[in-house]
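Enquirer: Dropping a structure here in structure tokens format, bear with me for questions.
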Number of protein chains: 2
Amino acid sequence: MIDSAHHPTGSGASQPPSREKLIEAAARVYATAGFRGATTRRIAEEAGVNEVTIFRLFGSKAALIDAAIQHRAAVQPFETVPLPETPRHPAAELTAWCETQLEMLRERRSLIRQQMGELAERPQVVPCASRALNPQAVELKRYMRRLYEEGFVEGASRRRAGRDEEAHAAGAMLMAALFGDAMGRDMMPEMYPQPPERAAALYVGLFLRAIRCTS
Amino acid sequence: MIDSAHHPTGSGASQPPSREKLIEAAARVYATAGFRGATTRRIAEEAGVNEVTIFRLFGSKAALIDAAIQHRAAVQPFETVPLPETPRHPAAELTAWCETQLEMLRERRSLIRQQMGELAERPQVVPCASRALNPQAVELKRYMRRLYEEGFVEGASRRRAGRDEEAHAAGAMLMAALFGDAMGRDMMPEMYPQPPERAAALYVGLFLRAIRCTS
DNA sequence: GATGCATGCAAGTGGTTGCTTGCACGGCGC
DNA sequence: GCGCCGTGCAAGCAACCACTTGCATGCATC
């Protein structure tokens with residue numbers, strides 16, 4: 001029934017469908033069951049292919065799941081909206097940016113949770129997991145530096161070291177707020193009484209006031 | 001069921017050692033390996049007792065691990081330093097409080113990570129996991145309300161709803177900053193360049209400025 | 001000494017896991 | 001027609017899993 005079409009090679013544009021189906025199924029199963037819970041039988045069933053195909057195409061379960069995780073990490077971050085090169089309306093710009101961050105984090109929520117849980121046993125997932133978050137933090141810091149340079153920050157005349165320290169902490173705090181919101185909203189709803197669509201604007205408002213920025 | 005007590009050694013305050021040894025070993029193994037990875041053989045070996053003892057004392061592996069998790073969650077939160085009833089030096093008081101929070105979170109880091117990972121498959125751990133964090137958030141909110149009442153917040157005259165919304169978000173943001181610091185410092189060190197002992201003071205400083213509090 | 005109890009030890013249960021093997025089928029280029 | 005290759009199917013393997021059973025042992029109380 002599922003025989004979707006064409007097939008491999010030729011001009012090699014699309015992979016043999018089994019490979020792709022397995023990678024996506026593995027990502028789904030892993031996100032809800034973790035490495036140990038993602039059995040080859042379950043992944044194969046989810047993908048609608050035979051179990052042996054996993055070993056023929058990937059060699060081992062670990063290789064398949066690594067491929068799946070890396071696929072997920074490699075495909076999405078490029079969709080991120082960059083912050084503008086020169087700030088004009090910090091509140092609006094940051095809010096929009098934070099909203100896409102939140103969306104991204106919420107979408108990957110269960111995968112990120114699994115990776116956090118398996119961090120102790122499979123430390124090789126660390127670079128893969130943080131690779132998704134790190135460029136975002138860098139982007140935020142670049143934008144903050146421009147906020148200082150363009151005079152959006154009032155009391156920025158203090159000594160450089162203290163300013164940097166505070167700016168780093170503020171950036172980390174904003175990222176943590178987004179992360180915590182995306183991760184914690186379903187586990188502890190009483191801690192997040194506001195509707196999710198208000199979250200970004202609220203965090204950004206607090207963030208800008210914390211760094212003394214005239215929004 | 002929990003008839004500890006009985007028996008030996010005269011005034012016998014101490015439980016039969018096997019039970020306690022197993023609970024602590026289970027907590028350790030679970031924190032690094034998760035539910036599926038925490039095999040009864042491994043726990044028994046870690047505890048230095050025979051594997052059958054697990055089933056004689058707890059009936060099943062799940063019961064043992066539940067007991068271990070609940071034991072960890074039940075024992076520690078009482079050590080928390082409460083925030084003062086009437087604020088005097090918000091910055092100092094909050095910083096001290098945040099430092100104990102950070103300490104607690106860092107100590108339980110791997111256990112919390114595991115619980116997050118298994119949240120999708122074993123949702124019954126949710127209340128147990130959030131029970132550790134929730135009272136802290138409540139305590140923070142009580143303290144914040146007193147900050148408003150005692151006149152520590154400058155522009156608090158705005159409409160009530162907006163103030164509450166912002167205060168909630170600010171509280172969530174501070175808790176998230178602590179959580180993210182405790183969880184992320186080892187996974188993404190470049191995001192936390194400051195030494196860990198400065199963290200609490202920095203977050204509190206930003207937090208107080210965000211809610212317009214005169215520290 | 002006898003009884004009760006917690007524990008250790010050895011063996012074994014049925015089930016699941018990752019992975020392999022052997023074989024058959026069908027579409028493709030030659 | 002004829003290989004080639006990707007795939008499905010059935011069977012099976014050794015290892016591991018949670019859990020059980022039966023028996024021996026040590027210790028404390030009676």
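Here's how to read the names in the structure tokens: chain A, B, ... by the order shown, residue numbers from 1 in each chain, ligand numbers from 1 in the order shown.
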Based on only C-alpha atoms, which of the residues in chain B come within 8 Å of chain A? I want them as an MDAnalysis selection string.
Expert: chainID B and resid 32:34 36:37 110 113:118 120:121 126 130 134 137 165:166 168:170 172:174 176:177 179:181 187:188 191:194 199 202:203 206:211
Enquirer: For the residues in the current selection, export N, CA and C atoms as a short mmCIF file (atom, residue, chain, number, x, y, z; two decimals), in the first residue's frame.
Expert:
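Saved the output as part01.cif:
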data_model
loop_
_atom_site.label_atom_id
_atom_site.label_comp_id
_atom_site.auth_asym_id
_atom_site.auth_seq_id
_atom_site.Cartn_x
_atom_site.Cartn_y
_atom_site.Cartn_z
N THR B 32 21.36 7.51 37.39
CA THR B 32 22.29 7.49 36.26
C THR B 32 21.80 6.62 35.12
N ALA B 33 20.87 5.70 35.39
CA ALA B 33 20.51 4.75 34.34
C ALA B 33 19.03 4.80 33.97
N GLY B 34 18.22 5.46 34.76
CA GLY B 34 16.80 5.49 34.44
C GLY B 34 16.09 4.23 34.87
N ARG B 36 14.47 1.83 33.10
CA ARG B 36 14.82 0.61 32.37
C ARG B 36 16.25 0.19 32.63
N GLY B 37 17.11 1.15 32.80
CA GLY B 37 18.52 0.82 33.01
C GLY B 37 18.83 0.36 34.42
N SER B 110 20.90 14.83 38.40
CA SER B 110 20.73 13.66 37.52
C SER B 110 19.39 12.97 37.77
N ARG B 113 16.83 14.97 35.90
CA ARG B 113 16.94 14.72 34.46
C ARG B 113 16.26 13.41 34.08
N GLN B 114 16.53 12.37 34.86
CA GLN B 114 15.91 11.09 34.57
C GLN B 114 14.40 11.21 34.62
N GLN B 115 13.90 11.89 35.62
CA GLN B 115 12.45 11.99 35.75
C GLN B 115 11.86 12.74 34.56
N MET B 116 12.58 13.76 34.08
CA MET B 116 12.08 14.47 32.90
C MET B 116 12.03 13.53 31.70
N GLY B 117 13.05 12.71 31.57
CA GLY B 117 13.09 11.80 30.43
C GLY B 117 11.99 10.77 30.48
N GLU B 118 11.65 10.34 31.68
CA GLU B 118 10.66 9.28 31.80
C GLU B 118 9.25 9.80 31.97
N ALA B 120 7.30 10.98 29.87
CA ALA B 120 6.37 10.58 28.81
C ALA B 120 5.84 9.17 29.05
N GLU B 121 6.67 8.32 29.62
CA GLU B 121 6.27 6.93 29.76
C GLU B 121 5.69 6.59 31.12
N VAL B 126 5.25 12.55 37.65
CA VAL B 126 5.09 14.00 37.55
C VAL B 126 4.80 14.65 38.89
N SER B 130 7.29 17.31 40.57
CA SER B 130 6.94 18.72 40.72
C SER B 130 6.70 19.07 42.18
N ASN B 134 7.38 22.82 43.47
CA ASN B 134 6.21 23.66 43.62
C ASN B 134 6.20 24.47 44.91
N ALA B 137 8.21 27.52 44.60
CA ALA B 137 7.60 28.59 43.82
C ALA B 137 6.54 29.32 44.64
N GLU B 165 0.10 39.49 36.67
CA GLU B 165 0.62 38.75 35.51
C GLU B 165 2.13 38.87 35.45
N GLU B 166 2.60 40.07 35.62
CA GLU B 166 4.03 40.30 35.56
C GLU B 166 4.76 39.62 36.70
N HIS B 168 3.86 36.95 38.34
CA HIS B 168 3.90 35.52 38.07
C HIS B 168 5.02 35.19 37.10
N ALA B 169 5.08 35.95 36.03
CA ALA B 169 6.10 35.69 35.01
C ALA B 169 7.49 35.88 35.59
N ALA B 170 7.64 36.92 36.42
CA ALA B 170 8.96 37.17 37.00
C ALA B 170 9.36 36.02 37.92
N ALA B 172 8.34 32.92 37.76
CA ALA B 172 8.66 31.76 36.92
C ALA B 172 10.03 31.94 36.27
N MET B 173 10.33 33.17 35.92
CA MET B 173 11.61 33.44 35.25
C MET B 173 12.77 33.20 36.20
N LEU B 174 12.62 33.63 37.45
CA LEU B 174 13.70 33.41 38.41
C LEU B 174 13.88 31.92 38.68
N ALA B 176 13.10 29.52 36.74
CA ALA B 176 13.66 28.90 35.53
C ALA B 176 15.15 29.18 35.43
N ALA B 177 15.56 30.38 35.83
CA ALA B 177 16.99 30.71 35.78
C ALA B 177 17.77 29.77 36.69
N PHE B 179 16.79 26.81 37.73
CA PHE B 179 16.69 25.46 37.17
C PHE B 179 17.66 25.29 35.99
N GLY B 180 17.63 26.24 35.10
CA GLY B 180 18.50 26.15 33.94
C GLY B 180 19.96 26.18 34.32
N ASP B 181 20.28 26.99 35.31
CA ASP B 181 21.68 27.05 35.76
C ASP B 181 22.11 25.70 36.31
N MET B 187 26.25 20.92 30.83
CA MET B 187 26.06 20.54 29.43
C MET B 187 26.53 21.62 28.48
N MET B 188 26.33 22.89 28.86
CA MET B 188 26.71 23.97 27.97
C MET B 188 27.49 25.03 28.74
N MET B 191 27.69 28.77 27.97
CA MET B 191 26.54 29.63 28.23
C MET B 191 26.59 30.16 29.66
N TYR B 192 27.42 29.57 30.50
CA TYR B 192 27.52 30.00 31.89
C TYR B 192 28.97 30.29 32.24
N PRO B 193 29.49 31.40 31.73
CA PRO B 193 30.91 31.70 31.97
C PRO B 193 31.19 32.11 33.41
N GLN B 194 30.19 32.61 34.09
CA GLN B 194 30.42 33.06 35.47
C GLN B 194 30.61 31.88 36.41
N ALA B 199 26.23 33.08 40.59
CA ALA B 199 24.99 32.97 39.84
C ALA B 199 23.79 33.54 40.59
N LEU B 202 23.57 37.31 40.83
CA LEU B 202 23.31 37.95 39.54
C LEU B 202 21.84 37.82 39.15
N TYR B 203 21.30 36.62 39.26
CA TYR B 203 19.91 36.43 38.90
C TYR B 203 18.99 37.28 39.78
N LEU B 206 19.05 40.98 38.74
CA LEU B 206 18.26 41.21 37.53
C LEU B 206 16.78 41.08 37.83
N PHE B 207 16.44 40.09 38.63
CA PHE B 207 15.04 39.86 38.98
C PHE B 207 14.45 41.08 39.69
N LEU B 208 15.18 41.61 40.66
CA LEU B 208 14.66 42.75 41.42
C LEU B 208 14.49 43.98 40.53
N ARG B 209 15.45 44.18 39.64
CA ARG B 209 15.30 45.32 38.74
C ARG B 209 14.11 45.09 37.80
N ALA B 210 13.90 43.85 37.40
CA ALA B 210 12.79 43.57 36.49
C ALA B 210 11.45 43.88 37.12
N ILE B 211 11.32 43.61 38.42
CA ILE B 211 10.04 43.91 39.07
C ILE B 211 10.06 45.28 39.75
#
Enquirer: Using only C-alpha atoms (C1' of nucleotides), find each residue in chain D having at least one atom no more than 10 Å away from chain A; report its shortest atom-to-atom pair and that distance in Å (one decimal), rows by chain then rising number, as a tab-separated table.
Expert:
residue	atom	partner	partner_atom	distance
D:DG6	C1'	A:Pro16	CA	8.9
D:DT7	C1'	A:Thr53	CA	7.5
D:DG8	C1'	A:Asn50	CA	6.7
D:DC9	C1'	A:Asn50	CA	8.7
Enquirer: Within 8 Å of chain A, which residues belong to chain C? Use only C-alpha atoms (C1' of nucleotides) and report them as a PyMOL selection string.
Expert: chain C and resi 17-19
Enquirer: Store the residues of this selection in a file with N, CA and C atoms (P, O5', C5', C4', C3', O3' and C1' of nucleotides), as a PDB file, in the first residue's frame.
Expert:
ATOM      1  P    DT C  17      10.920  -5.891  23.765  1.00  0.00           P
ATOM      2  O5'  DT C  17      12.505  -5.916  23.537  1.00  0.00           O
ATOM      3  C5'  DT C  17      13.384  -5.628  24.620  1.00  0.00           C
ATOM      4  C4'  DT C  17      14.800  -5.980  24.222  1.00  0.00           C
ATOM      5  C3'  DT C  17      15.102  -5.636  22.775  1.00  0.00           C
ATOM      6  O3'  DT C  17      15.846  -4.442  22.713  1.00  0.00           O
ATOM      7  C1'  DT C  17      15.956  -7.786  23.384  1.00  0.00           C
ATOM      8  P    DG C  18      16.000  -3.759  21.229  1.00  0.00           P
ATOM      9  O5'  DG C  18      17.409  -4.309  20.739  1.00  0.00           O
ATOM     10  C5'  DG C  18      18.566  -4.152  21.541  1.00  0.00           C
ATOM     11  C4'  DG C  18      19.696  -4.956  20.937  1.00  0.00           C
ATOM     12  C3'  DG C  18      20.031  -4.611  19.490  1.00  0.00           C
ATOM     13  O3'  DG C  18      21.438  -4.622  19.323  1.00  0.00           O
ATOM     14  C1'  DG C  18      19.415  -6.887  19.642  1.00  0.00           C
ATOM     15  P    DC C  19      22.025  -4.152  17.846  1.00  0.00           P
ATOM     16  O5'  DC C  19      22.059  -5.536  17.075  1.00  0.00           O
ATOM     17  C5'  DC C  19      22.707  -6.641  17.686  1.00  0.00           C
ATOM     18  C4'  DC C  19      22.528  -7.885  16.853  1.00  0.00           C
ATOM     19  C3'  DC C  19      22.643  -7.711  15.335  1.00  0.00           C
ATOM     20  O3'  DC C  19      23.822  -8.370  14.891  1.00  0.00           O
ATOM     21  C1'  DC C  19      20.883  -9.187  15.925  1.00  0.00           C
TER      22       DC C  19
END
Enquirer: Could you pull out the alpha helix (DSSP H) residues of segment 73-163 of chain A, going by DSSP on the backbone, and write them as an MDAnalysis selection string?
Expert: chainID A and resid 73:75 90:107 109:117 125:149 160:163
Enquirer: If chain B is superposed onto chain A by least squares using every Cα atom in order, what is the RMSD, in Å to one decimal?
Expert: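 Across the paired C-alpha atoms, the RMSD reaches 3.4 Å.
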Enquirer: For each of A:Pro82, A:Pro195, A:Gly162, A:Pro90, take the minimum atom-to-atom distance to Leu147 of chain A, counting only C-alpha atoms, then give the residue where this is smallest.
Expert: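 Result for the nearest residue to Leu147 of chain A: A:Pro90.
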Enquirer: State, in Å with one decimal place, the distance from atom CA of Glu24 of chain B to atom C1' of DC9 of chain C.
Expert: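 Between atom CA of Glu24 of chain B and atom C1' of DC9 of chain C the gap works out to 23.6 Å.
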Enquirer: Counting only C-alpha atoms, which of B:Arg109, B:Leu94, B:Ala44, B:Ala161 gets nearest to Arg185 of chain B?
Expert: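 So, comparing all the options, the nearest one is B:Arg109.
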Enquirer: Near DT3 of chain C, within 12 Å and counting only C-alpha atoms (C1' of nucleotides), which residues show up once chain neighbours fewer than 5 positions away are dropped, as an MDAnalysis selection string?
Expert: chainID D and resid 28:30
Enquirer: Filtering to C-alpha atoms (C1' of nucleotides), could you give me those residues as a PDB file, in the first residue's frame?
Expert:
ATOM      1  C1'  DA D  28      17.841 -13.238  68.576  1.00  0.00           C
ATOM      2  C1'  DT D  29      14.320 -14.527  71.579  1.00  0.00           C
ATOM      3  C1'  DC D  30      11.969 -17.825  74.377  1.00  0.00           C
TER       4       DC D  30
END
Enquirer: At what distance in Å, to one decimal, does atom CA of Ser215 of chain A lie from atom CA of Arg160 of chain A?
Expert: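 Rounded to one decimal, the two atoms are 22.0 Å apart.
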Enquirer: At a cut-off of 12 Å, using only C-alpha atoms (C1' of nucleotides), what residues contact DA11 of chain D? Leave out same-chain residues fewer than 4 positions from it and give the result as a VMD selection string.
Expert: chain C and resid 20 to 23
Enquirer: Could you please take those selected residues and save N, CA and C atoms (P, O5', C5', C4', C3', O3' and C1' of nucleotides) as a PDB file, in the first residue's frame?
Expert:
ATOM      1  P    DT C  20      24.138  -8.530  13.350  1.00  0.00           P
ATOM      2  O5'  DT C  20      23.660 -10.017  13.062  1.00  0.00           O
ATOM      3  C5'  DT C  20      24.095 -11.079  13.891  1.00  0.00           C
ATOM      4  C4'  DT C  20      23.639 -12.414  13.319  1.00  0.00           C
ATOM      5  C3'  DT C  20      23.891 -12.581  11.812  1.00  0.00           C
ATOM      6  O3'  DT C  20      24.622 -13.779  11.609  1.00  0.00           O
ATOM      7  C1'  DT C  20      21.633 -13.114  12.358  1.00  0.00           C
ATOM      8  P    DT C  21      25.235 -14.052  10.144  1.00  0.00           P
ATOM      9  O5'  DT C  21      24.401 -15.304   9.659  1.00  0.00           O
ATOM     10  C5'  DT C  21      23.584 -15.997  10.586  1.00  0.00           C
ATOM     11  C4'  DT C  21      22.606 -16.914   9.862  1.00  0.00           C
ATOM     12  C3'  DT C  21      22.816 -17.076   8.361  1.00  0.00           C
ATOM     13  O3'  DT C  21      22.805 -18.460   8.034  1.00  0.00           O
ATOM     14  C1'  DT C  21      20.575 -16.440   8.797  1.00  0.00           C
ATOM     15  P    DG C  22      23.324 -18.882   6.576  1.00  0.00           P
ATOM     16  O5'  DG C  22      21.942 -19.258   5.876  1.00  0.00           O
ATOM     17  C5'  DG C  22      21.004 -20.063   6.573  1.00  0.00           C
ATOM     18  C4'  DG C  22      19.712 -20.135   5.780  1.00  0.00           C
ATOM     19  C3'  DG C  22      19.898 -20.166   4.255  1.00  0.00           C
ATOM     20  O3'  DG C  22      19.075 -21.184   3.700  1.00  0.00           O
ATOM     21  C1'  DG C  22      18.446 -18.411   4.858  1.00  0.00           C
ATOM     22  P    DC C  23      19.127 -21.449   2.141  1.00  0.00           P
ATOM     23  O5'  DC C  23      17.739 -20.844   1.647  1.00  0.00           O
ATOM     24  C5'  DC C  23      16.558 -21.118   2.398  1.00  0.00           C
ATOM     25  C4'  DC C  23      15.434 -20.225   1.908  1.00  0.00           C
ATOM     26  C3'  DC C  23      15.341 -20.077   0.383  1.00  0.00           C
ATOM     27  O3'  DC C  23      14.047 -20.429  -0.056  1.00  0.00           O
ATOM     28  C1'  DC C  23      15.184 -17.987   1.443  1.00  0.00           C
TER      29       DC C  23
END
Enquirer: Name all residues at most 12 Å from DC4 of chain D (count only C-alpha atoms (C1' of nucleotides); drop same-chain ones fewer than 6 positions away) and give them as JSON, numbers by chain.
Expert: {"C": [26, 27, 28, 29, 30]}
Enquirer: Excluding Ile65 of chain A and residues on its chain fewer than 3 positions from it, collect all residues at most 10 Å away from it, counting only C-alpha atoms (C1' of nucleotides), and give them as a PyMOL selection string.
Expert: chain A and resi 22-27+29-30+34-35+38+40+43+58+60-62+68-71
Enquirer: Keeping only N, CA and C atoms, write the selected residues as an mmCIF file, in the first residue's frame.
Expert:
data_model
loop_
_atom_site.group_PDB
_atom_site.id
_atom_site.type_symbol
_atom_site.label_atom_id
_atom_site.label_comp_id
_atom_site.auth_asym_id
_atom_site.auth_seq_id
_atom_site.Cartn_x
_atom_site.Cartn_y
_atom_site.Cartn_z
ATOM 1 N N LEU A 22 12.418 5.006 8.410
ATOM 2 C CA LEU A 22 12.986 4.492 9.651
ATOM 3 C C LEU A 22 13.526 5.614 10.517
ATOM 4 N N ILE A 23 14.195 6.570 9.904
ATOM 5 C CA ILE A 23 14.765 7.664 10.691
ATOM 6 C C ILE A 23 13.668 8.450 11.391
ATOM 7 N N GLU A 24 12.609 8.728 10.675
ATOM 8 C CA GLU A 24 11.536 9.508 11.303
ATOM 9 C C GLU A 24 10.808 8.703 12.368
ATOM 10 N N ALA A 25 10.582 7.436 12.087
ATOM 11 C CA ALA A 25 9.932 6.595 13.090
ATOM 12 C C ALA A 25 10.805 6.474 14.329
ATOM 13 N N ALA A 26 12.098 6.313 14.112
ATOM 14 C CA ALA A 26 13.009 6.196 15.254
ATOM 15 C C ALA A 26 12.972 7.451 16.104
ATOM 16 N N ALA A 27 12.937 8.611 15.462
ATOM 17 C CA ALA A 27 12.878 9.865 16.213
ATOM 18 C C ALA A 27 11.597 9.926 17.042
ATOM 19 N N VAL A 29 9.657 7.382 18.118
ATOM 20 C CA VAL A 29 9.652 6.397 19.201
ATOM 21 C C VAL A 29 10.648 6.792 20.287
ATOM 22 N N TYR A 30 11.821 7.223 19.876
ATOM 23 C CA TYR A 30 12.827 7.623 20.863
ATOM 24 C C TYR A 30 12.319 8.770 21.729
ATOM 25 N N GLY A 34 12.618 6.793 24.862
ATOM 26 C CA GLY A 34 14.031 6.789 25.209
ATOM 27 C C GLY A 34 14.790 5.711 24.462
ATOM 28 N N PHE A 35 16.082 5.665 24.706
ATOM 29 C CA PHE A 35 16.929 4.734 23.955
ATOM 30 C C PHE A 35 16.566 3.288 24.268
ATOM 31 N N ALA A 38 13.082 2.356 22.995
ATOM 32 C CA ALA A 38 12.892 2.339 21.547
ATOM 33 C C ALA A 38 13.461 1.040 20.998
ATOM 34 N N THR A 40 13.914 -2.191 18.496
ATOM 35 C CA THR A 40 13.933 -2.269 17.030
ATOM 36 C C THR A 40 12.596 -2.749 16.490
ATOM 37 N N ILE A 43 10.232 0.305 16.523
ATOM 38 C CA ILE A 43 10.560 1.283 15.485
ATOM 39 C C ILE A 43 10.137 0.771 14.120
ATOM 40 N N PHE A 58 21.281 0.214 8.665
ATOM 41 C CA PHE A 58 22.032 1.004 9.652
ATOM 42 C C PHE A 58 23.035 0.183 10.443
ATOM 43 N N SER A 60 23.060 -1.260 13.221
ATOM 44 C CA SER A 60 22.717 -1.477 14.627
ATOM 45 C C SER A 60 21.647 -0.482 15.046
ATOM 46 N N LYS A 61 21.015 -0.788 16.139
ATOM 47 C CA LYS A 61 19.984 0.106 16.670
ATOM 48 C C LYS A 61 20.581 1.443 17.064
ATOM 49 N N ALA A 62 21.762 1.406 17.691
ATOM 50 C CA ALA A 62 22.393 2.651 18.128
ATOM 51 C C ALA A 62 22.672 3.564 16.944
ATOM 52 N N ALA A 68 18.916 9.329 13.687
ATOM 53 C CA ALA A 68 17.630 10.000 13.863
ATOM 54 C C ALA A 68 17.798 11.290 14.658
ATOM 55 N N ILE A 69 18.556 11.207 15.742
ATOM 56 C CA ILE A 69 18.753 12.394 16.575
ATOM 57 C C ILE A 69 19.489 13.473 15.802
ATOM 58 N N GLN A 70 20.535 13.063 15.112
ATOM 59 C CA GLN A 70 21.302 14.051 14.369
ATOM 60 C C GLN A 70 20.467 14.656 13.240
ATOM 61 N N HIS A 71 19.611 13.853 12.683
ATOM 62 C CA HIS A 71 18.731 14.358 11.627
ATOM 63 C C HIS A 71 17.813 15.437 12.179
#
Enquirer: Mind giving me the straight-line distance from atom CA of Glu103 of chain B to atom CA of Ala73 of chain B in Å, one decimal?
Expert: 14.8 Å
Enquirer: Considering only C-alpha atoms (C1' of nucleotides), return as a list in words whatever protein or nucleic-acid residues lie within 8 Å of Glu93 of chain A, sequence-local ones (same chain, fewer than 4 positions apart) excluded.
Expert: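 Selected residues are Leu83, Pro84, Pro87, Arg88, His89 and Trp97 of chain A.
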